[in-house]
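Colleague: One structure coming up, written as structure tokens, with questions to follow.
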2 protein chains.
Amino acid sequence: MTTQTYLVSGMSCGHCETAVRSELGAVPGVQQVEVSAATGRLTVTTDGSVDDATVIAAVDEAGYQAQRG
Amino acid sequence: MTTQTYLVSGMSCGHCETAVRSELGAVPGVQQVEVSAATGRLTVTTDGSVDDATVIAAVDEAGYQAQRG
């Protein structure tokens, strides 16, 4: 189990959190997602097979920008 | 055809607009909905059978507060 943290910009509300959570939840290997629009913090727990680029791409797909943080 | 305008507080993004649009679109008699998170302005076009209380209740159901404006 691996935990990676990121900073996501552009989220403004609970709908935004849901969009990010939903997109990441569909990535194989992702086990848990915690995300807060208030702080911009995103914590992703995986089976160890998910790299940063994959997480960042999923966040981008949801419409936001993430960086490792 | 009747057009009613409202001010909605609490919308912060496009997801919020979608939530309001979707809830109002399910109200019988509603023909068109225009909503902007940036301005808070909501314009509802109906067949004349939809009163303010119904519009305000639908917005409330979506999670926001509307007043005639």
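Here's how to read the names in the structure tokens: chain A, B, ... by the order shown, residue numbers from 1 in each chain, ligand numbers from 1 in the order shown.
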Mind dumping a table of every chain A residue within 8 Å of chain B, with the nearest atom pair and its distance in Å to one decimal, using only C-alpha atoms, sorted by chain and rising number, as a tab-separated table?

Modeller:
residue	atom	partner	partner_atom	distance
A:Ser12	CA	B:Ser12	CA	6.2
A:Cys13	CA	B:Ser12	CA	6.7
A:His15	CA	B:His15	CA	6.0
A:Cys16	CA	B:His15	CA	7.1

Colleague: For the residues in the current selection, export C-alpha atoms as a compact mmCIF listing (two decimals), in the first residue's frame.

Modeller:
# COMPACT_ATOMS: atom_id res chain seq x y z
CA SER A 12 -14.17 25.22 -5.57
CA CYS A 13 -16.87 23.00 -4.10
CA HIS A 15 -19.01 18.81 -6.75
CA CYS A 16 -15.38 19.40 -7.72

Colleague: Could you give me, as a PyMOL selection string, the residues within 8 Å of B:Ser9, counting only C-alpha atoms and dropping anything in the same chain fewer than 5 positions from it?

Modeller: chain B and resi 40+64-66

Colleague: So that I can see what lies close to A:Gln32, please list as a list in words the residues with an atom at most 7 Å from it, counting only C-alpha atoms and leaving out residues fewer than 3 positions away in the same chain.

Modeller: Val44, Thr45 and Thr46 of chain A

Colleague: Just the residues within 9 Å of B:Ser49, please, counting only C-alpha atoms, with nothing from its chain fewer than 2 positions along; format it as a CSV table (one decimal) with N, CA and C atoms, in the first residue's frame.

Modeller:
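That gives us around_27.csv:
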chain,number,residue,atom,x,y,z
B,2,THR,N,-43.6,32.3,-19.9
B,2,THR,CA,-43.3,33.3,-18.8
B,2,THR,C,-41.8,33.2,-18.5
B,28,PRO,N,-42.0,20.0,-14.0
B,28,PRO,CA,-43.0,20.1,-15.1
B,28,PRO,C,-43.4,21.6,-15.4
B,29,GLY,N,-43.4,21.9,-16.7
B,29,GLY,CA,-43.7,23.3,-17.1
B,29,GLY,C,-42.5,24.2,-17.4
B,30,VAL,N,-41.3,23.7,-16.9
B,30,VAL,CA,-40.1,24.5,-17.1
B,30,VAL,C,-39.6,24.2,-18.6
B,46,THR,N,-40.9,29.4,-18.5
B,46,THR,CA,-41.9,28.3,-18.2
B,46,THR,C,-43.2,28.5,-19.1
B,47,ASP,N,-44.1,27.5,-19.0
B,47,ASP,CA,-45.3,27.6,-19.7
B,47,ASP,C,-46.3,28.5,-18.9
B,51,ASP,N,-44.8,28.5,-10.3
B,51,ASP,CA,-44.7,29.7,-9.4
B,51,ASP,C,-43.3,29.8,-8.7

Colleague: Need to verify the contact set: A:Ala58, 6 Å, only C-alpha atoms, exclusion of same-chain residues closer than 3 positions in sequence. Can you return it as a list in words?

Modeller: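 Here the qualifying residues turn out to be Glu23, Leu24, Val55 and Glu61 of chain A.
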
Colleague: Which residues come within 7 Å of B:Leu7, counting only C-alpha atoms, excluding same-chain residues fewer than 5 positions away, as a list in words?

Modeller: Gly40, Arg41, Leu42, Ala66, Gln67, Arg68 and Gly69 of chain B

Colleague: Distance atom CA of A:Thr3-atom CA of A:Val59, one decimal place?

Modeller: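 Computing it gives 16.1 Å between the two atoms.
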
Colleague: Just asking: which residues within chain B are strand (DSSP E) according to DSSP, as an mmCIF file with C-alpha atoms, in the first residue's frame?

Modeller:
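This went into states38.cif:
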data_model
loop_
_atom_site.group_PDB
_atom_site.id
_atom_site.type_symbol
_atom_site.label_atom_id
_atom_site.label_comp_id
_atom_site.auth_asym_id
_atom_site.auth_seq_id
_atom_site.Cartn_x
_atom_site.Cartn_y
_atom_site.Cartn_z
ATOM 1 C CA THR B 2 -43.255 33.297 -18.817
ATOM 2 C CA THR B 3 -39.749 34.332 -17.851
ATOM 3 C CA GLN B 4 -38.821 34.682 -14.183
ATOM 4 C CA THR B 5 -35.449 35.825 -12.874
ATOM 5 C CA TYR B 6 -33.836 34.973 -9.555
ATOM 6 C CA LEU B 7 -30.615 35.486 -7.671
ATOM 7 C CA VAL B 8 -28.972 32.318 -6.422
ATOM 8 C CA SER B 9 -26.300 32.324 -3.741
ATOM 9 C CA VAL B 30 -40.106 24.512 -17.147
ATOM 10 C CA GLN B 31 -39.031 25.099 -20.730
ATOM 11 C CA GLN B 32 -35.642 26.754 -20.454
ATOM 12 C CA VAL B 33 -33.085 27.460 -17.746
ATOM 13 C CA GLU B 34 -30.162 29.855 -17.869
ATOM 14 C CA VAL B 35 -27.895 30.032 -14.864
ATOM 15 C CA ARG B 41 -28.388 35.038 -11.993
ATOM 16 C CA LEU B 42 -30.978 32.395 -12.829
ATOM 17 C CA THR B 43 -33.542 32.837 -15.590
ATOM 18 C CA VAL B 44 -36.336 30.319 -15.880
ATOM 19 C CA THR B 45 -38.725 30.210 -18.817
ATOM 20 C CA THR B 46 -41.919 28.292 -18.188
ATOM 21 C CA GLN B 65 -30.681 29.495 -2.087
ATOM 22 C CA ALA B 66 -32.708 31.539 -4.550
ATOM 23 C CA GLN B 67 -34.709 34.703 -4.234
ATOM 24 C CA ARG B 68 -36.741 36.527 -6.816
#

Colleague: Atom CA of B:Ser22 and atom CA of A:Ala57 are how many Å apart?

Modeller: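 Between atom CA of B:Ser22 and atom CA of A:Ala57 the gap works out to 28.1 Å.
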
Colleague: Hey, what does DSSP flag as alpha helix (DSSP H) within chain A? Can you give it to me as a PyMOL selection string?

Modeller: chain A and resi 14-25+52-62

Colleague: Find the distance between atom CA of B:Ile56 and atom CA of B:Glu17 and write it in Å to one decimal.

Modeller: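 Going from atom CA of B:Ile56 over to atom CA of B:Glu17 covers 14.6 Å.
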